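The data block below is data22.txt; it holds compact mmCIF, C-alpha atoms.
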# COMPACT_ATOMS: atom_id res chain seq x y z
CA GLU V 1 -27.56 16.57 33.82
CA VAL V 2 -25.39 18.02 31.06
CA GLN V 3 -25.34 21.81 31.04
CA LEU V 4 -23.57 24.32 28.84
CA VAL V 5 -23.97 27.98 29.76
CA GLU V 6 -22.51 30.71 27.55
CA SER V 7 -21.71 34.21 28.74
CA GLY V 8 -19.89 37.28 27.52
CA GLY V 9 -22.03 38.31 24.58
CA GLY V 10 -22.87 41.92 23.84
CA LEU V 11 -22.48 44.89 21.54
CA VAL V 12 -19.04 45.68 20.14
CA LYS V 13 -17.78 48.07 17.46
CA PRO V 14 -16.23 46.81 14.24
CA GLY V 15 -12.57 46.05 14.82
CA GLY V 16 -13.19 45.36 18.49
CA SER V 17 -12.74 42.24 20.60
CA LEU V 18 -14.93 40.07 22.77
CA ARG V 19 -14.44 36.85 24.72
CA LEU V 20 -17.19 34.31 25.15
CA SER V 21 -17.16 31.69 27.88
CA CYS V 22 -19.02 28.42 28.10
CA ALA V 23 -19.30 26.81 31.53
CA ALA V 24 -19.80 23.07 31.29
CA SER V 25 -21.08 20.57 33.84
CA GLY V 26 -22.56 17.08 34.04
CA PHE V 27 -20.03 15.26 31.86
CA SER V 28 -16.33 14.56 31.56
CA PHE V 29 -15.31 17.91 30.08
CA SER V 30 -11.63 17.06 29.82
CA ASN V 31 -12.38 14.12 27.52
CA ALA V 32 -14.80 15.99 25.27
CA TRP V 33 -14.20 17.72 21.97
CA MET V 34 -15.88 21.09 22.17
CA SER V 35 -17.11 23.38 19.43
CA TRP V 36 -18.54 26.81 18.71
CA VAL V 37 -21.34 27.17 16.17
CA ARG V 38 -22.95 30.47 15.19
CA GLN V 39 -26.17 31.62 13.60
CA ALA V 40 -26.60 35.06 12.09
CA PRO V 41 -30.07 36.61 12.54
CA GLY V 42 -32.57 34.81 10.33
CA LYS V 43 -29.85 32.65 8.77
CA GLY V 44 -28.58 29.09 8.96
CA LEU V 45 -25.97 27.42 11.14
CA GLU V 46 -22.22 27.83 10.67
CA TRP V 47 -19.54 25.80 12.43
CA VAL V 48 -16.97 28.29 13.77
CA GLY V 49 -14.36 25.97 15.19
CA ARG V 50 -13.52 23.10 17.48
CA ILE V 51 -10.97 22.07 20.06
CA LYS V 52 -10.03 18.49 20.72
CA SER V 53 -9.48 17.00 24.13
CA LYS V 54 -5.93 17.15 25.44
CA THR V 55 -5.67 13.38 25.19
CA ASP V 56 -6.41 13.75 21.49
CA GLY V 57 -3.85 16.50 21.11
CA GLY V 58 -5.83 19.56 22.21
CA THR V 59 -5.57 21.04 18.72
CA THR V 60 -7.96 23.55 17.21
CA ASP V 61 -9.58 23.94 13.80
CA TYR V 62 -11.38 26.99 12.45
CA ASP V 63 -13.65 27.90 9.62
CA ALA V 64 -11.92 30.03 6.99
CA ALA V 65 -14.19 32.99 7.80
CA VAL V 66 -12.73 33.35 11.31
CA ARG V 67 -9.26 31.80 11.03
CA GLY V 68 -6.61 34.20 12.27
CA ARG V 69 -9.15 36.34 14.15
CA PHE V 70 -10.83 33.88 16.53
CA THR V 71 -9.13 31.63 19.07
CA ILE V 72 -10.72 28.71 20.90
CA SER V 73 -9.23 27.56 24.18
CA ARG V 74 -10.23 25.45 27.13
CA ASP V 75 -9.52 25.28 30.84
CA ASP V 76 -10.21 21.73 31.93
CA SER V 77 -9.65 22.63 35.60
CA LYS V 78 -12.56 25.09 35.36
CA THR V 79 -14.53 22.98 32.83
CA THR V 80 -14.84 26.08 30.70
CA LEU V 81 -14.55 26.69 26.97
CA TYR V 82 -13.57 30.06 25.54
CA LEU V 83 -13.90 31.89 22.25
CA GLN V 84 -11.67 34.93 21.88
CA MET V 85 -12.89 37.07 19.00
CA ASN V 86 -10.66 39.82 17.63
CA SER V 87 -10.94 42.18 14.66
CA LEU V 88 -14.70 41.71 14.68
CA LYS V 89 -16.71 42.49 11.58
CA THR V 90 -20.39 43.26 11.13
CA ASP V 91 -20.71 39.83 9.46
CA ASP V 92 -19.76 38.24 12.80
CA THR V 93 -23.08 39.36 14.29
CA ALA V 94 -24.75 36.14 15.41
CA VAL V 95 -25.88 33.95 18.25
CA TYR V 96 -22.89 31.87 19.29
CA TYR V 97 -23.51 28.41 20.68
CA CYS V 98 -21.06 26.11 22.40
CA MET V 99 -21.74 22.46 21.87
CA THR V 100 -20.40 18.97 22.26
CA PHE V 101 -21.28 15.51 21.01
CA LEU V 102 -21.03 12.71 23.57
CA PRO V 103 -20.85 9.38 21.71
CA VAL V 104 -21.19 7.40 24.94
CA VAL V 105 -24.56 9.03 25.54
CA GLY V 106 -25.49 9.15 21.87
CA SER V 107 -26.49 12.78 21.92
CA ALA V 108 -25.30 16.32 21.37
CA TYR V 109 -25.59 19.13 23.86
CA TRP V 110 -25.85 22.82 23.14
CA GLY V 111 -25.83 25.94 25.26
CA GLN V 112 -28.60 28.51 25.11
CA GLY V 113 -26.51 30.79 22.94
CA ALA V 114 -24.86 34.19 23.40
CA LEU V 115 -25.75 37.09 21.12
CA VAL V 116 -22.84 39.04 19.69
CA THR V 117 -23.72 42.23 17.84
CA VAL V 118 -21.01 44.02 15.88
CA SER V 119 -22.17 47.49 14.99
CA SER V 120 -20.94 51.07 15.06
CA GLU B 1 -15.20 22.63 1.59
CA ILE B 2 -18.07 20.17 1.21
CA VAL B 3 -21.31 21.86 0.19
CA MET B 4 -24.51 20.43 1.61
CA THR B 5 -27.68 21.10 -0.36
CA GLN B 6 -31.09 20.50 1.16
CA SER B 7 -34.38 20.18 -0.67
CA PRO B 8 -36.98 21.43 -0.68
CA ALA B 9 -36.41 24.79 0.98
CA THR B 10 -39.95 24.69 2.36
CA LEU B 11 -42.19 21.66 2.76
CA SER B 12 -45.91 21.97 3.56
CA VAL B 13 -47.41 18.85 5.11
CA SER B 14 -50.56 18.11 7.08
CA PRO B 15 -50.37 16.69 10.61
CA GLY B 16 -50.41 12.90 10.55
CA GLU B 17 -48.85 12.71 7.12
CA ARG B 18 -45.31 11.63 6.20
CA ALA B 19 -42.55 14.15 5.49
CA THR B 20 -39.44 13.36 3.47
CA LEU B 21 -36.49 15.77 3.53
CA SER B 22 -33.43 15.42 1.33
CA CYS B 23 -29.79 16.37 1.71
CA ARG B 24 -27.05 16.05 -0.91
CA ALA B 25 -23.31 16.39 -0.38
CA SER B 26 -20.97 17.77 -3.03
CA GLN B 27 -18.65 14.79 -2.39
CA SER B 28 -18.91 11.61 -0.40
CA VAL B 29 -19.20 12.01 3.37
CA ARG B 30 -19.65 8.26 3.91
CA SER B 31 -22.15 7.99 6.79
CA THR B 32 -20.89 10.94 8.80
CA LEU B 33 -24.14 12.84 8.47
CA ALA B 34 -26.41 14.26 11.16
CA TRP B 35 -29.85 15.81 11.17
CA TYR B 36 -30.87 18.64 13.48
CA GLN B 37 -34.21 20.21 14.29
CA GLN B 38 -34.44 23.86 15.30
CA LYS B 39 -37.42 25.81 16.58
CA PRO B 40 -37.51 29.62 16.82
CA GLY B 41 -35.46 30.97 19.70
CA GLN B 42 -34.05 27.55 20.58
CA ALA B 43 -30.74 25.79 20.11
CA PRO B 44 -30.63 23.01 17.53
CA ARG B 45 -31.62 19.54 18.69
CA LEU B 46 -29.80 16.46 17.39
CA LEU B 47 -32.16 13.93 15.82
CA ILE B 48 -29.97 11.56 13.82
CA TYR B 49 -26.23 10.89 13.61
CA GLY B 50 -24.22 8.41 11.61
CA ALA B 51 -26.87 8.93 8.89
CA SER B 52 -29.36 6.54 10.51
CA THR B 53 -28.87 6.33 14.29
CA ARG B 54 -31.48 8.13 16.36
CA ALA B 55 -30.05 10.27 19.13
CA THR B 56 -31.03 9.51 22.70
CA GLY B 57 -34.67 10.32 23.42
CA ILE B 58 -35.68 10.90 19.80
CA PRO B 59 -39.06 9.35 18.88
CA ALA B 60 -39.14 6.42 16.48
CA ARG B 61 -41.15 8.41 13.92
CA PHE B 62 -37.85 10.07 12.94
CA SER B 63 -35.63 7.98 10.69
CA GLY B 64 -32.58 8.68 8.57
CA SER B 65 -31.13 6.87 5.60
CA GLY B 66 -28.46 7.18 2.95
CA SER B 67 -24.71 7.19 2.58
CA GLY B 68 -22.11 8.78 0.36
CA THR B 69 -23.78 11.84 -1.13
CA GLU B 70 -27.53 11.28 -0.81
CA PHE B 71 -29.41 11.33 2.48
CA THR B 72 -33.02 11.39 3.62
CA LEU B 73 -34.79 12.28 6.84
CA THR B 74 -38.27 10.82 7.14
CA ILE B 75 -40.86 11.76 9.72
CA SER B 76 -43.47 9.05 9.51
CA SER B 77 -46.51 10.77 11.03
CA LEU B 78 -46.14 14.47 11.68
CA GLN B 79 -47.03 15.80 15.10
CA SER B 80 -47.69 19.47 15.82
CA GLU B 81 -44.33 19.79 17.60
CA ASP B 82 -42.43 18.61 14.49
CA PHE B 83 -43.02 21.80 12.52
CA ALA B 84 -39.62 23.46 12.57
CA VAL B 85 -36.49 23.99 10.48
CA TYR B 86 -34.32 20.94 9.78
CA TYR B 87 -30.61 21.01 8.98
CA CYS B 88 -28.28 18.30 7.77
CA LEU B 89 -24.65 18.41 8.84
CA GLN B 90 -21.59 16.60 7.48
CA PHE B 91 -18.80 15.86 9.94
CA ASN B 92 -16.59 13.78 7.67
CA ASN B 93 -14.25 16.58 6.60
CA TRP B 94 -13.23 19.81 8.27
CA PRO B 95 -14.79 22.33 8.07
CA TYR B 96 -18.01 20.69 9.15
CA THR B 97 -20.79 22.13 7.03
CA PHE B 98 -24.54 22.45 7.38
CA GLY B 99 -27.15 22.49 4.69
CA GLN B 100 -29.15 25.69 4.31
CA GLY B 101 -32.17 24.14 6.03
CA THR B 102 -35.66 22.91 5.16
CA LYS B 103 -38.59 24.65 6.79
CA LEU B 104 -41.34 22.18 7.57
CA GLU B 105 -44.64 24.02 7.81
CA ILE B 106 -48.21 23.09 8.48
CA LYS B 107 -50.34 22.64 5.38
As structure tokens:
Amino acid sequence: EVQLVESGGGLVKPGGSLRLSCAASGFSFSNAWMSWVRQAPGKGLEWVGRIKSKTDGGTTDYDAAVRGRFTISRDDSKTTLYLQMNSLKTDDTAVYYCMTFLPVVGSAYWGQGALVTVSS
Amino acid sequence: EIVMTQSPATLSVSPGERATLSCRASQSVRSTLAWYQQKPGQAPRLLIYGASTRATGIPARFSGSGSGTEFTLTISSLQSEDFAVYYCLQFNNWPYTFGQGTKLEIK
């Protein structure tokens, strides 16, 4: 069974930092492209960024709203995805989901989400 | 950035009836279009990818069509569990972008 479990959410002051983790199991993590998607309270979905598998270069891409402040990384030995968030703004308040699409299975898998609240 | 526009914003339909949701892209995304369903407090659920391929485990009453800039999600006979918010997503160009969503409500 595919599982994605986020952790690390919480309350942080503007300008602060937070790191989210996403523990993955049930699939070949090292071969998967992984992403972070967020959803502000009562709003729609926004793709934050992605990281390719190392065999596909391991590169990252970010939405313009977070580029230069957020960093996505992965530890294939721990099957864990990370989102390092720096210089946080109130607009970054959202539920953050990790997700992946597995073409072999023909489905996408999402975590339960981690709430990040940026407020003074 | 490709802008995805969904219509209508809210759709009121009776159970058992057909629902048709639309999604338009600001430029061609070929067939790299997905549809997601989201219920309150839950993560999104993939329904359709590649514009018309149902994801694993998705009932046959859900179907997708279109290519280029115009796409449609059709739910042939609405069940009570289908009332939710639906998002289209283009994954042709980075950044991937979602539509603003269509809320499907019970009439």
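Near Val95 in chain V, within 8 Å and counting only C-alpha atoms, sit Arg38, Gln39, Ala40, Pro41, Gly113, Ala114, Leu115 and Val116 of chain V, not including residues fewer than 5 positions from it in the same chain.
From CA of Lys78 in chain V back to CA of Gly58 in chain V, the distance works out to 15.8 Å.
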Contacts of chain V with chain B up to 7 Å, shortest pair per row, only C-alpha atoms, as CSV:
residue,atom,partner,partner_atom,distance
V:Gly44,CA,B:Gln100,CA,5.8
V:Leu45,CA,B:Phe98,CA,6.4
V:Glu46,CA,B:Phe98,CA,6.7
V:Trp47,CA,B:Tyr96,CA,6.3
V:Asp63,CA,B:Pro95,CA,5.9
V:Gly106,CA,B:Ala55,CA,5.4
V:Ser107,CA,B:Ala55,CA,5.2
V:Ala108,CA,B:Leu46,CA,6.0
V:Trp110,CA,B:Ala43,CA,6.5
V:Gln112,CA,B:Ala43,CA,6.1
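Interatomic distance, CA of Ser35 in chain V to CA of Ser17 in chain V: 19.4 Å.
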With only C-alpha atoms as the counted atoms, please give the residues lying no more than 6 Å from range 4-9 of chain B, apart from itself and same-chain residues fewer than 2 positions off, as a PyMOL selection string. chain B and resi 22-25+99+102
Just want the 6 Å neighbourhood of Thr80 in chain V, counted on all atoms listed in the file, with same-chain residues fewer than 3 positions away dropped. Output as a ChimeraX atom specification. /V:22-24,74-75
Between CA of Thr100 in chain V and CA of Ser52 in chain B lies a distance of 19.3 Å
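Proximity of V:Lys13, V:Val105, V:Ser30, V:Asp61 to Asn86 in chain V, computed with all atoms listed in the file, is greatest for V:Lys13.
Remark: for Pro103 in chain V, the closest of the candidate residues V:Asn31, V:Leu20, V:Glu6, V:Tyr62 is V:Asn31 (distances computed over all atoms listed in the file).
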Could the centre and edge lengths of an axis-aligned box, enclosing all atoms of range 39-51 of chain B in the file with 4 Å extra on each side, be given in Å to one decimal as AutoDock Vina command-line options?
--center_x -30.9 --center_y 19.7 --center_z 14.7 --size_x 21.3 --size_y 30.6 --size_z 19.7
Skipping near chain neighbours, those fewer than 4 positions away, what residues fall within 8 Å of Ala51 in chain B using only C-alpha atoms, listed as a PyMOL selection string? chain B and resi 31-35+64-67+71
Neighbourhood query: residues within 12 Å of (-28.9, 44.8, 24.0), file coordinates, counting all atoms listed in the file; return as a ChimeraX atom specification. /V:9-12,114-119
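Counting all atoms listed in the file and comparing B:Ser28, B:Gln38, B:Thr74, B:Ser63, the residue that lies closest to Val3 in chain B is B:Ser28.
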Trp36 in chain V: which residues within 7 Å, counting all atoms listed in the file, same-chain residues fewer than 4 positions away excluded, as a PDB file with C-alpha atoms, in the coordinates of the input?
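Generated output (around.pdb):
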ATOM      1  CA  TRP V  47     -19.540  25.800  12.430  1.00  0.00           C
ATOM      2  CA  VAL V  48     -16.970  28.290  13.770  1.00  0.00           C
ATOM      3  CA  GLY V  49     -14.360  25.970  15.190  1.00  0.00           C
ATOM      4  CA  ARG V  50     -13.520  23.100  17.480  1.00  0.00           C
ATOM      5  CA  TYR V  96     -22.890  31.870  19.290  1.00  0.00           C
ATOM      6  CA  TYR V  97     -23.510  28.410  20.680  1.00  0.00           C
ATOM      7  CA  CYS V  98     -21.060  26.110  22.400  1.00  0.00           C
ATOM      8  CA  MET V  99     -21.740  22.460  21.870  1.00  0.00           C
TER       9      MET V  99
END
